[in-house]
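S.K.: Provided herewith: model_7.cif, mmCIF, C-alpha atoms.
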data_protein
#
loop_
_atom_site.label_atom_id
_atom_site.label_comp_id
_atom_site.auth_asym_id
_atom_site.auth_seq_id
_atom_site.Cartn_x
_atom_site.Cartn_y
_atom_site.Cartn_z
CA MET A 996 14.42 -9.17 -7.41
CA SER A 997 11.71 -11.83 -7.12
CA ASN A 998 9.70 -12.56 -10.25
CA ARG A 999 6.52 -12.57 -8.19
CA VAL A 1000 4.39 -9.47 -7.79
CA GLN A 1001 2.53 -9.14 -4.51
CA ILE A 1002 -1.09 -8.00 -4.62
CA ALA A 1003 -2.82 -6.03 -1.87
CA PRO A 1004 -6.56 -5.65 -2.60
CA SER A 1005 -7.89 -2.42 -1.12
CA ILE A 1006 -11.11 -2.93 0.78
CA LEU A 1007 -11.84 0.78 0.29
CA SER A 1008 -13.56 -0.37 -2.90
CA ALA A 1009 -15.41 -3.29 -1.28
CA ASP A 1010 -18.94 -3.30 0.14
CA PHE A 1011 -18.54 -1.70 3.57
CA ALA A 1012 -21.48 -3.75 4.84
CA ASN A 1013 -19.51 -6.92 4.07
CA LEU A 1014 -15.85 -6.14 4.79
CA GLY A 1015 -15.32 -9.53 6.39
CA SER A 1016 -16.45 -11.23 3.21
CA ALA A 1017 -14.17 -8.92 1.20
CA ALA A 1018 -11.18 -9.92 3.33
CA ARG A 1019 -12.01 -13.62 2.99
CA LEU A 1020 -12.40 -13.22 -0.76
CA ALA A 1021 -8.93 -11.68 -0.92
CA ALA A 1022 -7.50 -14.60 1.04
CA ASP A 1023 -9.23 -17.19 -1.12
CA ALA A 1024 -7.96 -15.46 -4.27
CA GLY A 1025 -4.35 -15.64 -3.10
CA ALA A 1026 -3.80 -12.03 -2.03
CA ASP A 1027 -0.54 -11.31 -0.22
CA TRP A 1028 -1.98 -8.49 1.88
CA VAL A 1029 -5.33 -6.88 2.62
CA HIS A 1030 -4.83 -3.14 2.14
CA VAL A 1031 -6.80 -1.08 4.66
CA ASP A 1032 -7.17 2.63 3.91
CA VAL A 1033 -7.67 4.72 7.04
CA MET A 1034 -8.81 8.26 6.20
CA ASP A 1035 -9.59 10.99 8.72
CA GLY A 1036 -11.45 13.61 6.67
CA HIS A 1037 -8.60 16.09 7.30
CA PHE A 1038 -5.41 14.83 5.68
CA VAL A 1039 -7.59 13.60 2.82
CA PRO A 1040 -11.15 14.67 1.93
CA ASN A 1041 -12.77 11.40 2.93
CA LEU A 1042 -13.61 9.51 6.12
CA THR A 1043 -13.38 5.73 6.26
CA ILE A 1044 -12.66 3.30 9.10
CA GLY A 1045 -10.77 3.01 12.36
CA PRO A 1046 -8.97 0.55 14.63
CA GLY A 1047 -12.14 -1.31 15.56
CA THR A 1048 -12.56 -2.41 11.95
CA VAL A 1049 -8.90 -3.43 11.72
CA ARG A 1050 -9.30 -5.50 14.89
CA ALA A 1051 -12.37 -7.22 13.44
CA LEU A 1052 -10.63 -7.94 10.14
CA LYS A 1053 -7.69 -9.42 12.01
CA ARG A 1054 -10.04 -12.00 13.52
CA LEU A 1055 -11.53 -12.89 10.14
CA THR A 1056 -8.51 -13.42 7.89
CA SER A 1057 -5.04 -14.89 8.07
CA VAL A 1058 -3.81 -12.57 5.29
CA PRO A 1059 -1.55 -9.85 6.74
CA LEU A 1060 -3.16 -6.43 7.11
CA ASP A 1061 -1.43 -3.59 5.25
CA VAL A 1062 -2.79 -0.52 7.07
CA HIS A 1063 -2.32 2.77 5.26
CA LEU A 1064 -2.82 5.78 7.55
CA MET A 1065 -3.97 8.84 5.65
CA VAL A 1066 -4.33 10.96 8.77
CA ASP A 1067 -3.07 14.26 10.11
CA ASN A 1068 -1.76 12.83 13.39
CA PRO A 1069 -0.11 9.46 12.70
CA ALA A 1070 2.05 9.62 15.85
CA GLU A 1071 -1.08 9.63 18.00
CA GLN A 1072 -2.89 6.97 16.00
CA VAL A 1073 -0.15 4.42 15.34
CA PRO A 1074 -0.52 2.84 18.84
CA TRP A 1075 -4.21 2.21 18.12
CA TYR A 1076 -3.36 0.18 15.04
CA LEU A 1077 -0.51 -1.67 16.72
CA ASP A 1078 -3.02 -2.73 19.35
CA ALA A 1079 -5.61 -3.63 16.70
CA GLY A 1080 -3.24 -6.08 15.02
CA ALA A 1081 -1.98 -4.32 11.89
CA ASP A 1082 0.90 -6.29 10.39
CA LEU A 1083 2.35 -3.38 8.42
CA ILE A 1084 1.65 0.28 9.17
CA THR A 1085 2.33 2.94 6.56
CA PHE A 1086 2.06 6.63 7.37
CA HIS A 1087 2.51 9.68 5.15
CA LEU A 1088 5.76 11.61 5.26
CA GLU A 1089 3.76 14.79 4.65
CA ALA A 1090 1.85 14.30 7.92
CA CYS A 1091 4.73 13.49 10.27
CA VAL A 1092 7.23 15.73 12.03
CA HIS A 1093 9.37 13.19 13.92
CA VAL A 1094 9.66 10.53 11.23
CA ASN A 1095 12.53 8.48 12.69
CA ARG A 1096 10.82 8.32 16.06
CA LEU A 1097 7.57 6.99 14.58
CA VAL A 1098 9.40 4.42 12.48
CA GLN A 1099 11.07 3.20 15.66
CA VAL A 1100 7.75 3.04 17.54
CA ILE A 1101 6.32 0.75 14.87
CA HIS A 1102 9.38 -1.47 14.77
CA ASP A 1103 9.46 -1.61 18.57
CA GLY A 1104 5.86 -2.86 18.34
CA GLY A 1105 7.12 -5.79 16.29
CA ARG A 1106 5.51 -4.69 13.03
CA LYS A 1107 6.72 -3.70 9.59
CA VAL A 1108 6.75 -0.03 8.66
CA GLY A 1109 6.25 1.88 5.46
CA ILE A 1110 6.21 5.53 4.46
CA ALA A 1111 3.85 6.85 1.81
CA LEU A 1112 4.43 9.76 -0.53
CA ASN A 1113 1.80 11.79 -2.34
CA PRO A 1114 2.32 12.24 -6.10
CA ALA A 1115 3.91 15.68 -5.78
CA THR A 1116 6.32 14.80 -2.94
CA PRO A 1117 9.87 14.15 -4.18
CA VAL A 1118 11.05 10.58 -3.66
CA GLY A 1119 14.42 11.92 -2.50
CA PHE A 1120 12.80 13.13 0.73
CA LEU A 1121 13.12 9.51 1.95
CA ASP A 1122 16.87 9.34 1.43
CA ASP A 1123 17.76 9.76 5.11
CA ILE A 1124 15.20 7.21 6.39
CA VAL A 1125 15.01 4.58 3.65
CA THR A 1126 17.53 2.28 5.35
CA ASP A 1127 15.01 1.80 8.19
CA LEU A 1128 11.95 1.06 6.04
CA ASP A 1129 10.29 -2.21 5.11
CA LEU A 1130 8.20 -0.57 2.39
CA ILE A 1131 7.89 2.59 0.31
CA LEU A 1132 4.37 3.41 -0.83
CA LEU A 1133 4.13 5.66 -3.88
CA MET A 1134 0.70 7.09 -4.54
CA SER A 1135 -0.24 7.01 -8.21
CA VAL A 1136 -3.36 9.10 -7.55
CA ASN A 1137 -4.04 11.94 -5.17
CA PRO A 1138 -5.24 10.05 -2.09
CA GLY A 1139 -8.75 10.19 -0.71
CA PHE A 1140 -11.02 8.24 -3.01
CA GLY A 1141 -11.01 4.90 -4.80
CA GLY A 1142 -11.54 4.48 -8.51
CA GLN A 1143 -9.30 7.34 -9.64
CA ARG A 1144 -7.26 7.34 -12.83
CA TYR A 1145 -3.57 6.43 -12.65
CA LEU A 1146 -1.14 9.36 -12.89
CA PRO A 1147 1.52 8.57 -15.52
CA GLY A 1148 4.38 10.11 -13.52
CA ALA A 1149 4.25 7.20 -11.07
CA ALA A 1150 6.50 4.98 -13.20
CA LYS A 1151 9.33 7.52 -13.11
CA ARG A 1152 8.92 7.83 -9.34
CA VAL A 1153 9.26 4.07 -8.95
CA GLN A 1154 12.45 4.25 -10.97
CA ASP A 1155 13.74 7.03 -8.70
CA ALA A 1156 12.87 5.04 -5.57
CA LEU A 1157 14.64 1.93 -6.86
CA ARG A 1158 17.75 3.95 -7.69
CA MET A 1159 17.76 5.51 -4.21
CA CYS A 1160 17.42 2.08 -2.58
CA ARG A 1161 20.29 0.67 -4.62
CA ASP A 1162 22.47 3.63 -3.73
CA ARG A 1163 21.73 2.97 -0.06
CA GLN A 1164 22.14 -0.80 -0.53
CA VAL A 1165 18.69 -1.62 0.86
CA SER A 1166 15.70 -3.36 -0.67
CA PRO A 1167 12.39 -2.36 0.91
CA LEU A 1168 9.25 -3.36 -0.93
CA ILE A 1169 8.09 -0.71 -3.39
CA GLU A 1170 4.31 -0.49 -3.41
CA VAL A 1171 2.16 1.53 -5.82
CA ASP A 1172 -1.39 2.53 -4.97
CA GLY A 1173 -3.92 4.17 -7.27
CA GLY A 1174 -5.46 3.35 -10.62
CA ILE A 1175 -3.79 -0.06 -10.83
CA THR A 1176 -5.30 -2.28 -13.53
CA VAL A 1177 -4.03 -4.91 -15.96
CA ASP A 1178 -2.98 -2.01 -18.19
CA THR A 1179 -1.12 0.07 -15.61
CA ALA A 1180 0.41 -2.72 -13.50
CA PRO A 1181 3.28 -3.45 -15.92
CA LEU A 1182 4.08 0.26 -16.21
CA VAL A 1183 5.24 0.32 -12.60
CA THR A 1184 6.57 -3.22 -12.16
CA SER A 1185 8.82 -2.73 -15.17
CA GLN A 1186 10.46 0.10 -13.22
CA GLY A 1187 10.89 -1.83 -9.97
CA ALA A 1188 7.57 -1.92 -8.09
CA ASN A 1189 6.82 -5.29 -6.52
CA VAL A 1190 3.62 -4.67 -4.54
CA LEU A 1191 0.43 -3.45 -6.21
CA VAL A 1192 -2.63 -2.07 -4.45
CA ALA A 1193 -5.80 -2.51 -6.48
CA GLY A 1194 -9.27 -1.65 -5.30
CA SER A 1195 -12.03 -1.05 -7.83
CA ALA A 1196 -10.20 -3.15 -10.44
CA ILE A 1197 -10.65 -6.15 -8.13
CA TYR A 1198 -13.78 -5.53 -6.06
CA GLY A 1199 -15.60 -3.85 -8.93
CA ALA A 1200 -14.97 -6.76 -11.28
CA GLY A 1201 -17.53 -9.41 -12.08
CA ASP A 1202 -15.04 -12.06 -10.97
CA PRO A 1203 -12.76 -10.48 -8.33
CA SER A 1204 -10.57 -13.56 -7.99
CA ARG A 1205 -9.91 -13.63 -11.71
CA ALA A 1206 -9.23 -9.89 -11.70
CA LEU A 1207 -6.61 -10.31 -8.95
CA HIS A 1208 -4.95 -13.11 -10.91
CA ASP A 1209 -4.92 -11.05 -14.11
CA ILE A 1210 -3.42 -7.99 -12.41
CA ARG A 1211 -0.69 -10.12 -10.86
CA ALA A 1212 0.05 -11.74 -14.24
CA ALA A 1213 0.21 -8.33 -15.93
CA GLY A 1214 2.56 -7.06 -13.23
CA GLU A 1215 4.80 -10.07 -13.61
CA ARG A 1216 5.01 -9.48 -17.34
CA GLY A 1217 6.35 -6.06 -16.43
CA LEU A 1218 9.01 -7.68 -14.25
CA GLU A 1219 10.04 -9.82 -17.20
CA VAL A 1220 10.49 -6.67 -19.28
CA LYS A 1221 12.72 -5.23 -16.55
CA ALA A 1222 14.79 -8.41 -16.39
#
Would you give me this structure, written as structure tokens?

M.R.:
Amino acid sequence: MSNRVQIAPSILSADFANLGSAARLAADAGADWVHVDVMDGHFVPNLTIGPGTVRALKRLTSVPLDVHLMVDNPAEQVPWYLDAGADLITFHLEACVHVNRLVQVIHDGGRKVGIALNPATPVGFLDDIVTDLDLILLMSVNPGFGGQRYLPGAAKRVQDALRMCRDRQVSPLIEVDGGITVDTAPLVTSQGANVLVAGSAIYGAGDPSRALHDIRAAGERGLEVKA
């Protein structure tokens, strides 16, 4: 495993009147991805942005867009985000009936694909599809709102996901989203996570660039513990 933790700042916690500036700030700070939370007000109790915003962000930053679909009908919406320029599209297992088909649609579109799991969804539900994934996203809060407190069970779920991947002899990225700070980052990287989504801990900080650096450093200390 690489000793570098990837950071994906979530613009859900940025100023929605200045999302372009938020994306540029992430790029300037060395972010690996810009995490874009799409919420429909049905799958989760919040309503955020759509493909038009993703298309605009794509024009404004060279950092790959990590689009997280928290929607009831991902099969219908995925083509919108392929067209808008998403580099990686993650949809929720809980919202999809024909999972293999949707994974193939995204790969056929030339993009990376991830599947997200809510905190109460067993990691083992991915066992039959994990060999086709580029990323597993484990929610460490109940999705819908930024700024929530990290749920301690996430570290064990990362451990379970890593074990499943090793059993299947694959190595998708393992991303954790929710309540990630300098304190919680090493809890999940020490168990095998290598991508961290952080929103309010970055965009709510007095110095967002420094906050991103500190979260990455904390996560990498966790990787050292694992090694």

S.K.: Kindly indicate which residue among A:Asp1122, A:Asp1067, A:Asp1032, A:Asp1172 lies nearest to Ile1084 in chain A, using only C-alpha atoms for the distances.

M.R.: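 Closest candidate: A:Asp1032.
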
S.K.: Please enumerate the residues selected by the PyMOL selection byres ((chain A and resi 1046-1052) around 6) when evaluated against the supplied file, formatted as a ChimeraX atom specification.

M.R.: /A:1045,1053-1055,1076,1079

S.K.: Padding of 3 Å on every side, edges along x, y and z, all listed atoms of range 1210-1217 of chain A included: what centre and edge lengths in Å, to one decimal, does that box have, as JSON?

M.R.:
{"center_x": 1.5, "center_y": -8.9, "center_z": -14.1, "size_x": 15.8, "size_y": 11.7, "size_z": 12.5}

S.K.: Between CA of Ala1200 in chain A and CA of Ala1003 in chain A, what distance in Å does the model show, to one decimal?

M.R.: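 CA of Ala1003 in chain A lies at a distance of 15.4 Å from CA of Ala1200 in chain A.
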
S.K.: Output the residue selection produced by the PyMOL selection byres ((chain A and resi 1042) around 12) on the file above, formatted as a short mmCIF file (atom, residue, chain, number, x, y, z; two decimals) with C-alpha atoms, keeping the file's coordinate frame.

M.R.:
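Everything below was put into selection-v6.cif:
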data_model
loop_
_atom_site.label_atom_id
_atom_site.label_comp_id
_atom_site.auth_asym_id
_atom_site.auth_seq_id
_atom_site.Cartn_x
_atom_site.Cartn_y
_atom_site.Cartn_z
CA LEU A 1007 -11.84 0.78 0.29
CA ASP A 1032 -7.17 2.63 3.91
CA VAL A 1033 -7.67 4.72 7.04
CA MET A 1034 -8.81 8.26 6.20
CA ASP A 1035 -9.59 10.99 8.72
CA GLY A 1036 -11.45 13.61 6.67
CA HIS A 1037 -8.60 16.09 7.30
CA PHE A 1038 -5.41 14.83 5.68
CA VAL A 1039 -7.59 13.60 2.82
CA PRO A 1040 -11.15 14.67 1.93
CA ASN A 1041 -12.77 11.40 2.93
CA THR A 1043 -13.38 5.73 6.26
CA ILE A 1044 -12.66 3.30 9.10
CA GLY A 1045 -10.77 3.01 12.36
CA LEU A 1064 -2.82 5.78 7.55
CA MET A 1065 -3.97 8.84 5.65
CA VAL A 1066 -4.33 10.96 8.77
CA PRO A 1138 -5.24 10.05 -2.09
CA GLY A 1139 -8.75 10.19 -0.71
CA PHE A 1140 -11.02 8.24 -3.01
#

S.K.: Any idea what the distance is between CA of Val1220 in chain A and CA of Arg1161 in chain A?

M.R.: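 Rounded to one decimal, the two atoms are 19.1 Å apart.
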
S.K.: Running the PyMOL selection byres ((chain A and resi 1101-1113) around 8) on this model by hand, what would come out? Give it as a PyMOL selection string.

M.R.: chain A and resi 1073+1077+1081-1089+1097-1100+1114-1118+1128-1138

S.K.: Mind pulling up the distance from CA of Gly1187 in chain A to CA of Leu1168 in chain A?

M.R.: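 About the pair CA of Leu1168 in chain A and CA of Gly1187 in chain A: they are 9.3 Å apart.
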
S.K.: Just want the 9 Å neighbourhood of Pro1147 in chain A, counted on only C-alpha atoms, with same-chain residues fewer than 4 positions away dropped. Output as a short mmCIF file (atom, residue, chain, number, x, y, z; two decimals) with C-alpha atoms, in the frame of the given file.

M.R.:
data_model
loop_
_atom_site.label_atom_id
_atom_site.label_comp_id
_atom_site.auth_asym_id
_atom_site.auth_seq_id
_atom_site.Cartn_x
_atom_site.Cartn_y
_atom_site.Cartn_z
CA SER A 1135 -0.24 7.01 -8.21
CA LYS A 1151 9.33 7.52 -13.11
CA THR A 1179 -1.12 0.07 -15.61
CA LEU A 1182 4.08 0.26 -16.21
#

S.K.: Between A:Ile1006, A:Val1153, A:Ala1206, A:Val1029, which one has atoms that come closest to Asn1189 in chain A, using only C-alpha atoms?

M.R.: A:Val1153

S.K.: May I have the residues within 12 Å of Asp1023 in chain A as a count of residues only, using all atoms listed in the file and disregarding those fewer than 2 positions away in the same chain?

M.R.: 20

S.K.: Could you check which of A:Leu1121, A:Leu1218, A:Val1062, A:Ala1009 is closest to Ala1188 in chain A, using only C-alpha atoms?

M.R.: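 Using only C-alpha atoms, the shortest distance to Ala1188 in chain A belongs to A:Leu1218.
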
S.K.: Env of Ala1180 in chain A: 12 Å cut, atoms = only C-alpha atoms, seq-sep filter 2 positions within chain, self excluded. Answer as a PDB file with C-alpha atoms, in the frame of the given file.

M.R.:
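Final output, out03.pdb:
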ATOM      1  CA  VAL A1000       4.390  -9.470  -7.790  1.00  0.00           C
ATOM      2  CA  GLN A1001       2.530  -9.140  -4.510  1.00  0.00           C
ATOM      3  CA  ILE A1002      -1.090  -8.000  -4.620  1.00  0.00           C
ATOM      4  CA  SER A1135      -0.240   7.010  -8.210  1.00  0.00           C
ATOM      5  CA  TYR A1145      -3.570   6.430 -12.650  1.00  0.00           C
ATOM      6  CA  PRO A1147       1.520   8.570 -15.520  1.00  0.00           C
ATOM      7  CA  ALA A1149       4.250   7.200 -11.070  1.00  0.00           C
ATOM      8  CA  ALA A1150       6.500   4.980 -13.200  1.00  0.00           C
ATOM      9  CA  GLU A1170       4.310  -0.490  -3.410  1.00  0.00           C
ATOM     10  CA  VAL A1171       2.160   1.530  -5.820  1.00  0.00           C
ATOM     11  CA  ASP A1172      -1.390   2.530  -4.970  1.00  0.00           C
ATOM     12  CA  GLY A1173      -3.920   4.170  -7.270  1.00  0.00           C
ATOM     13  CA  GLY A1174      -5.460   3.350 -10.620  1.00  0.00           C
ATOM     14  CA  ILE A1175      -3.790  -0.060 -10.830  1.00  0.00           C
ATOM     15  CA  THR A1176      -5.300  -2.280 -13.530  1.00  0.00           C
ATOM     16  CA  VAL A1177      -4.030  -4.910 -15.960  1.00  0.00           C
ATOM     17  CA  ASP A1178      -2.980  -2.010 -18.190  1.00  0.00           C
ATOM     18  CA  LEU A1182       4.080   0.260 -16.210  1.00  0.00           C
ATOM     19  CA  VAL A1183       5.240   0.320 -12.600  1.00  0.00           C
ATOM     20  CA  THR A1184       6.570  -3.220 -12.160  1.00  0.00           C
ATOM     21  CA  SER A1185       8.820  -2.730 -15.170  1.00  0.00           C
ATOM     22  CA  GLN A1186      10.460   0.100 -13.220  1.00  0.00           C
ATOM     23  CA  GLY A1187      10.890  -1.830  -9.970  1.00  0.00           C
ATOM     24  CA  ALA A1188       7.570  -1.920  -8.090  1.00  0.00           C
ATOM     25  CA  ASN A1189       6.820  -5.290  -6.520  1.00  0.00           C
ATOM     26  CA  VAL A1190       3.620  -4.670  -4.540  1.00  0.00           C
ATOM     27  CA  LEU A1191       0.430  -3.450  -6.210  1.00  0.00           C
ATOM     28  CA  VAL A1192      -2.630  -2.070  -4.450  1.00  0.00           C
ATOM     29  CA  ALA A1193      -5.800  -2.510  -6.480  1.00  0.00           C
ATOM     30  CA  ALA A1196     -10.200  -3.150 -10.440  1.00  0.00           C
ATOM     31  CA  LEU A1207      -6.610 -10.310  -8.950  1.00  0.00           C
ATOM     32  CA  HIS A1208      -4.950 -13.110 -10.910  1.00  0.00           C
ATOM     33  CA  ASP A1209      -4.920 -11.050 -14.110  1.00  0.00           C
ATOM     34  CA  ILE A1210      -3.420  -7.990 -12.410  1.00  0.00           C
ATOM     35  CA  ARG A1211      -0.690 -10.120 -10.860  1.00  0.00           C
ATOM     36  CA  ALA A1212       0.050 -11.740 -14.240  1.00  0.00           C
ATOM     37  CA  ALA A1213       0.210  -8.330 -15.930  1.00  0.00           C
ATOM     38  CA  GLY A1214       2.560  -7.060 -13.230  1.00  0.00           C
ATOM     39  CA  GLU A1215       4.800 -10.070 -13.610  1.00  0.00           C
ATOM     40  CA  ARG A1216       5.010  -9.480 -17.340  1.00  0.00           C
ATOM     41  CA  GLY A1217       6.350  -6.060 -16.430  1.00  0.00           C
ATOM     42  CA  LEU A1218       9.010  -7.680 -14.250  1.00  0.00           C
TER      43      LEU A1218
END

S.K.: With all atoms listed in the file as the atoms that count, which of A:Met1159, A:Val1165, A:Ile1197, A:Leu1060 lies nearest to Gly1142 in chain A?

M.R.: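 With all atoms listed in the file as the atom set, the closest residue is A:Ile1197.
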
S.K.: Which residue, A:Asp1061, A:Glu1071, A:Asp1127, A:Asp1202, has the smallest gap to Val1092 in chain A when you use all atoms listed in the file?

M.R.: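 Closest residue, counting all atoms listed in the file: A:Glu1071.
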
S.K.: Go through A:Gln1164, A:Ile1169, A:Gln1143, A:Asp1123 one by one, measure the shortest atom-to-atom distance of each to Ser1008 in chain A using only C-alpha atoms, and give the residue with the smallest value.

M.R.: A:Gln1143
